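J.: Dropping in start-v4.tsv, with TSV, C-alpha atoms.
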chain	number	residue	atom	x	y	z
J	1	MET	CA	93.84	27.06	140.22
J	2	LYS	CA	93.45	23.40	139.31
J	3	LEU	CA	96.12	22.21	136.90
J	4	GLU	CA	94.92	20.69	133.66
J	5	GLN	CA	94.93	16.90	133.80
J	6	THR	CA	97.40	14.99	131.68
J	7	LEU	CA	96.03	12.46	129.21
J	8	GLU	CA	97.34	9.66	131.42
J	9	GLU	CA	95.46	11.06	134.43
J	10	GLN	CA	92.27	11.41	132.36
J	11	TYR	CA	92.52	7.79	131.21
J	12	GLU	CA	93.15	6.60	134.78
J	13	GLU	CA	90.14	8.53	136.06
J	14	ARG	CA	88.01	7.22	133.21
J	15	GLY	CA	89.00	3.65	134.01
J	16	ASN	CA	88.35	4.02	137.73
J	17	ASP	CA	84.87	5.35	136.96
J	18	HIS	CA	84.27	2.37	134.61
J	19	VAL	CA	83.25	4.52	131.67
J	20	GLY	CA	83.09	2.43	128.52
J	21	SER	CA	84.07	3.39	125.01
J	22	SER	CA	81.40	4.76	122.68
J	23	SER	CA	81.62	1.79	120.33
J	24	THR	CA	79.47	-1.32	120.72
J	25	ASP	CA	82.26	-3.30	119.06
J	26	THR	CA	85.30	-4.45	121.01
J	27	PRO	CA	88.17	-2.09	120.06
J	28	MET	CA	90.48	-4.14	117.84
J	29	ARG	CA	93.43	-3.29	115.60
J	30	GLU	CA	93.29	-4.27	111.94
J	31	ASP	CA	96.28	-6.59	112.41
J	32	ALA	CA	94.76	-8.32	115.45
J	33	PHE	CA	94.96	-11.80	113.93
J	34	VAL	CA	98.19	-11.65	111.96
J	35	LEU	CA	100.00	-13.57	114.69
J	36	SER	CA	99.10	-17.19	115.40
J	37	ASP	CA	97.99	-18.22	118.88
J	38	GLU	CA	101.41	-19.80	119.44
J	39	GLU	CA	103.19	-16.56	118.48
J	40	LYS	CA	100.95	-14.54	120.78
J	41	ILE	CA	101.60	-16.91	123.67
J	42	GLU	CA	105.35	-16.57	123.14
J	43	ARG	CA	105.20	-12.77	123.16
J	44	ILE	CA	102.87	-12.53	126.16
J	45	GLN	CA	104.99	-15.01	128.08
J	46	LYS	CA	108.02	-12.74	127.72
J	47	SER	CA	106.01	-9.71	128.81
J	48	VAL	CA	104.57	-11.43	131.88
J	49	ARG	CA	108.05	-12.62	132.82
J	50	GLU	CA	109.31	-9.03	132.60
J	51	ILE	CA	106.46	-7.78	134.79
J	52	MET	CA	107.19	-10.40	137.44
J	53	LEU	CA	110.91	-9.67	137.40
J	54	THR	CA	110.18	-5.94	137.73
J	55	LEU	CA	108.07	-6.70	140.80
J	56	GLY	CA	111.09	-8.46	142.31
J	57	LEU	CA	109.80	-12.03	142.10
J	58	ASP	CA	112.23	-14.94	141.91
J	59	LEU	CA	111.34	-16.84	138.74
J	60	ASP	CA	113.78	-19.60	139.60
J	61	ASP	CA	111.37	-20.66	142.35
J	62	ASP	CA	109.52	-23.87	141.46
J	63	SER	CA	106.14	-22.25	142.15
J	64	LEU	CA	106.76	-19.26	139.86
J	65	LYS	CA	108.91	-20.47	136.98
J	66	GLY	CA	105.94	-21.72	134.96
J	67	THR	CA	103.70	-18.74	135.66
J	68	PRO	CA	104.55	-16.60	132.59
J	69	LYS	CA	103.60	-19.37	130.16
J	70	ARG	CA	100.52	-20.34	132.16
J	71	VAL	CA	99.28	-16.74	132.11
J	72	ALA	CA	100.03	-16.36	128.39
J	73	LYS	CA	98.11	-19.53	127.50
J	74	MET	CA	95.22	-18.48	129.74
J	75	TYR	CA	94.99	-15.07	128.02
J	76	VAL	CA	95.05	-16.41	124.47
J	77	GLN	CA	93.16	-19.69	124.79
J	78	GLU	CA	90.78	-19.04	127.67
J	79	ILE	CA	89.76	-15.71	129.19
J	80	PHE	CA	90.37	-13.70	126.00
J	81	GLY	CA	89.54	-16.50	123.59
J	82	GLY	CA	86.37	-14.68	122.52
J	83	LEU	CA	88.41	-12.05	120.68
J	84	HIS	CA	88.94	-14.40	117.73
J	85	PRO	CA	85.99	-14.53	115.30
J	86	ASP	CA	86.78	-18.16	114.46
J	87	ARG	CA	85.62	-19.08	117.97
J	88	LYS	CA	82.16	-17.56	117.54
J	89	PRO	CA	79.61	-20.32	118.23
J	90	LYS	CA	77.59	-21.52	115.27
J	91	SER	CA	73.97	-20.88	116.19
J	92	SER	CA	71.67	-23.32	114.40
J	93	THR	CA	68.07	-22.18	114.16
J	94	PHE	CA	64.88	-24.18	113.69
J	95	ASP	CA	61.37	-23.48	112.48
J	96	ASN	CA	58.95	-22.77	115.31
J	97	LYS	CA	56.70	-25.65	114.20
J	98	TYR	CA	54.83	-25.81	117.50
J	99	LYS	CA	53.84	-22.15	117.08
J	100	TYR	CA	55.00	-21.11	120.53
J	101	GLY	CA	54.18	-17.41	120.61
J	102	GLU	CA	55.17	-16.32	124.11
J	103	MET	CA	58.58	-15.15	125.23
J	104	LEU	CA	61.25	-17.71	125.97
J	105	VAL	CA	63.53	-16.90	128.90
J	106	GLU	CA	66.92	-18.44	129.65
J	107	LYS	CA	67.93	-17.20	133.10
J	108	ASN	CA	70.94	-17.46	135.39
J	109	ILE	CA	73.50	-17.96	132.63
J	110	VAL	CA	76.92	-17.77	134.29
J	111	VAL	CA	79.07	-14.82	133.18
J	112	TYR	CA	82.85	-14.90	133.56
J	113	SER	CA	84.43	-11.88	131.93
J	114	THR	CA	87.31	-9.45	132.44
J	115	CYS	CA	87.12	-5.70	133.07
J	116	GLU	CA	89.06	-3.95	130.30
J	117	HIS	CA	90.19	-1.16	132.63
J	118	HIS	CA	92.12	-3.23	135.17
J	119	LEU	CA	92.02	-6.76	133.69
J	120	LEU	CA	90.26	-8.09	136.78
J	121	PRO	CA	87.33	-10.54	136.74
J	122	ILE	CA	83.66	-9.75	136.21
J	123	VAL	CA	81.48	-12.53	137.62
J	124	GLY	CA	77.71	-12.71	137.49
J	125	ARG	CA	74.57	-13.93	135.74
J	126	ALA	CA	72.89	-13.09	132.46
J	127	HIS	CA	69.17	-13.47	131.75
J	128	ILE	CA	68.05	-13.59	128.11
J	129	ALA	CA	64.62	-13.56	126.51
J	130	TYR	CA	63.26	-13.51	122.99
J	131	ILE	CA	59.92	-13.71	121.23
J	132	SER	CA	60.00	-15.92	118.15
J	133	ASN	CA	58.88	-14.56	114.79
J	134	GLY	CA	58.98	-18.06	113.32
J	135	THR	CA	62.50	-19.15	114.30
J	136	VAL	CA	63.89	-20.64	117.50
J	137	VAL	CA	67.45	-21.36	118.60
J	138	GLY	CA	68.83	-24.23	120.71
J	139	LEU	CA	68.84	-23.32	124.40
J	140	SER	CA	72.55	-23.99	124.90
J	141	LYS	CA	73.39	-21.59	122.06
J	142	MET	CA	72.34	-18.65	124.20
J	143	ASN	CA	74.78	-19.76	126.89
J	144	ARG	CA	77.49	-20.10	124.24
J	145	VAL	CA	76.83	-16.62	122.85
J	146	VAL	CA	77.17	-15.16	126.36
J	147	ASP	CA	80.38	-17.09	126.94
J	148	TYR	CA	81.88	-16.01	123.60
J	149	PHE	CA	81.37	-12.29	124.11
J	150	ALA	CA	82.31	-12.51	127.80
J	151	LYS	CA	85.72	-14.00	126.91
J	152	ARG	CA	87.35	-10.70	126.03
J	153	PRO	CA	88.26	-7.47	127.83
J	154	GLN	CA	84.83	-5.96	128.44
J	155	VAL	CA	82.63	-3.30	129.90
J	156	GLN	CA	79.31	-4.70	131.06
J	157	GLU	CA	77.16	-2.34	128.98
J	158	ARG	CA	78.92	-3.40	125.79
J	159	LEU	CA	78.57	-7.08	126.71
J	160	ASN	CA	74.80	-6.60	127.05
J	161	ILE	CA	74.56	-4.95	123.65
J	162	GLN	CA	76.78	-7.49	121.87
J	163	ILE	CA	74.73	-10.42	123.19
J	164	VAL	CA	71.44	-8.86	122.11
J	165	LYS	CA	72.72	-7.81	118.66
J	166	GLU	CA	74.09	-11.29	117.96
J	167	LEU	CA	70.86	-13.04	118.95
J	168	GLN	CA	68.79	-10.54	116.96
J	169	LYS	CA	70.89	-11.41	113.93
J	170	VAL	CA	70.65	-15.15	114.53
J	171	LEU	CA	66.89	-15.16	115.20
J	172	GLY	CA	65.94	-12.56	112.61
J	173	THR	CA	63.95	-10.49	115.11
J	174	GLU	CA	64.42	-7.33	117.15
J	175	ASP	CA	62.49	-8.90	120.04
J	176	VAL	CA	65.47	-9.87	122.22
J	177	ALA	CA	66.39	-8.71	125.73
J	178	CYS	CA	69.27	-9.29	128.12
J	179	VAL	CA	69.83	-8.32	131.75
J	180	ILE	CA	73.20	-8.86	133.45
J	181	ASP	CA	73.86	-8.67	137.20
J	182	ALA	CA	77.57	-8.96	137.99
J	183	LYS	CA	80.28	-8.20	140.50
J	184	HIS	CA	83.39	-6.37	139.27
J	185	LEU	CA	86.52	-7.32	141.18
J	186	CYS	CA	88.08	-3.99	140.20
J	187	VAL	CA	85.44	-2.51	142.55
J	188	ASN	CA	85.31	-5.37	145.06
J	189	SER	CA	89.04	-6.03	145.53
J	190	ARG	CA	90.73	-2.66	144.85
J	191	GLY	CA	89.90	1.03	144.94
J	192	ILE	CA	86.77	1.42	147.04
J	193	ARG	CA	86.87	-2.34	147.88
J	194	ASP	CA	83.11	-2.68	148.25
J	195	ILE	CA	82.51	-6.42	148.30
J	196	GLU	CA	78.70	-6.19	148.47
J	197	SER	CA	77.84	-4.09	145.43
J	198	SER	CA	76.97	-5.48	142.01
J	199	THR	CA	76.23	-3.85	138.67
J	200	VAL	CA	72.99	-4.41	136.75
J	201	THR	CA	72.71	-3.52	133.05
J	202	ALA	CA	70.03	-4.21	130.47
J	203	GLU	CA	69.45	-4.06	126.74
J	204	TYR	CA	65.91	-4.26	125.37
J	205	GLY	CA	65.04	-4.66	121.71
J	206	GLY	CA	61.76	-4.58	119.78
J	207	LYS	CA	58.69	-5.54	121.85
J	208	PHE	CA	60.77	-5.53	125.06
J	209	LYS	CA	60.79	-1.73	124.93
J	210	ASP	CA	57.10	-1.95	125.83
J	211	GLU	CA	56.72	-1.58	129.60
J	212	GLY	CA	54.30	-4.51	129.96
J	213	VAL	CA	56.47	-6.96	128.01
J	214	ARG	CA	59.56	-5.80	129.88
J	215	ARG	CA	57.80	-6.27	133.21
J	216	GLU	CA	56.79	-9.81	132.25
J	217	PHE	CA	60.44	-10.60	131.46
J	218	LEU	CA	61.63	-9.19	134.78
J	219	ASP	CA	58.95	-11.17	136.63
J	220	TYR	CA	60.24	-14.37	135.00
J	221	ILE	CA	63.76	-13.51	136.19
J	222	ASN	CA	62.50	-13.16	139.75
J	223	LEU	CA	60.71	-16.53	139.78
J	224	ASP	CA	62.11	-18.98	142.31
J	225	THR	CA	63.41	-21.82	140.14
J	226	GLU	CA	65.74	-23.53	142.58
J	227	PHE	CA	65.64	-27.32	142.30
Go ahead and express the file in the form of structure tokens.

T.:
Amino acid sequence: MKLEQTLEEQYEERGNDHVGSSSTDTPMREDAFVLSDEEKIERIQKSVREIMLTLGLDLDDDSLKGTPKRVAKMYVQEIFGGLHPDRKPKSSTFDNKYKYGEMLVEKNIVVYSTCEHHLLPIVGRAHIAYISNGTVVGLSKMNRVVDYFAKRPQVQERLNIQIVKELQKVLGTEDVACVIDAKHLCVNSRGIRDIESSTVTAEYGGKFKDEGVRREFLDYINLDTEF
């Protein structure tokens, strides 16, 4: 008879299968921003140092002695910088004075994120489209929205949803879509170690739920736009 799994084993299995949480919001504690960035860096630095010592590394070596602080600063200021709401990009909108009524597609936006199950990189491309209902947003703002939500521990499905929800709010329309195609290094470099596979996820809002509109968006993505 199979023994009942411990909670730890269930969580490990869940992480290996890359099952995300049910919430579309990044799981955060209420006291997430009580500490300053400097205080967080100090705490993380100590923890990384302890991990490295536990692994048997010599932190007196010139190559390793600065690693704990470098990792701490990278976590707080760079790869997890999107956790702090103060870093959310301000998305200025403009009246659609030229009455452009077709979809606008911004494709091949670079995605650098981190898998929340193993804290390994997710690297890929995002493709975003929207249909204006009278408001447009600067092109670079879409890239910035992707970058902001990518800079946190993530699951790809949640990243898709967060990008679409934010742009729907900014643009005042449900007609927003996002497709992400990315490689997960927790799959490519550990576990099954399949270096060829990638993960594709999509979130379609408003008119993009219509098959014809969705197909038009996907056709735009597949256009050869190499210069």

J.: Can you work out the spacing between atom CA of J:Ser198 and atom CA of J:Gly124 in Å, to one decimal?

T.: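 Here the two named atoms are 8.6 Å from each other.
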
J.: Using all atoms listed in the file, can you tell me which of J:Gly82, J:Pro121, J:Pro89, J:Gly134 comes closest to J:Gly101?

T.: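 Closest candidate: J:Gly134.
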
J.: List every residue of stretch 82-140 of chain J that has an atom at most 10 Å from any atom of stretch 209-217 of chain J, and for each one report the closest atom pair and its distance in Å to one decimal, counting only C-alpha atoms, with rows sorted by chain and then by increasing residue number, as CSV.

T.:
residue,atom,partner,partner_atom,distance
J:Met103,CA,J:Phe217,CA,7.9
J:Leu104,CA,J:Phe217,CA,9.0
J:Val105,CA,J:Phe217,CA,7.5
J:His127,CA,J:Phe217,CA,9.2
J:Ile128,CA,J:Phe217,CA,8.8
J:Ala129,CA,J:Phe217,CA,7.1
J:Tyr130,CA,J:Phe217,CA,9.4

J.: Put those residues in a file: C-alpha atoms, as a compact mmCIF listing (two decimals), in the frame of the given file.

T.:
# COMPACT_ATOMS: atom_id res chain seq x y z
CA MET J 103 58.58 -15.15 125.23
CA LEU J 104 61.25 -17.71 125.97
CA VAL J 105 63.53 -16.90 128.90
CA HIS J 127 69.17 -13.47 131.75
CA ILE J 128 68.05 -13.59 128.11
CA ALA J 129 64.62 -13.56 126.51
CA TYR J 130 63.26 -13.51 122.99

J.: Which value, in Å to one decimal, gives the distance between atom CA of J:Thr199 and atom CA of J:Ile122?

T.: 9.8 Å

J.: Might you pull out every residue within 8 Å of J:Ile163, with only C-alpha atoms counted and same-chain residues fewer than 4 positions away left off, and present them as a VMD selection string?

T.: chain J and resid 145 to 146 149 159 167 178

J.: Using Å and a single decimal, report how far atom CA of J:Ala150 sits from atom CA of J:His184.

T.: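 A separation of 13.1 Å between them.
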
J.: Between J:Ser36, J:Ser113, J:Gln77, J:Asn222, single out the one closest to J:Arg152, counting all atoms listed in the file.

T.: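 Result for the nearest residue to J:Arg152: J:Ser113.
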
J.: With all atoms listed in the file as the atoms that count, which of J:Asn96, J:Thr67, J:Thr114, J:Thr173 lies nearest to J:Leu185?

T.: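 Of J:Asn96, J:Thr67, J:Thr114, J:Thr173, the one nearest J:Leu185, counting all atoms listed in the file, is J:Thr114.
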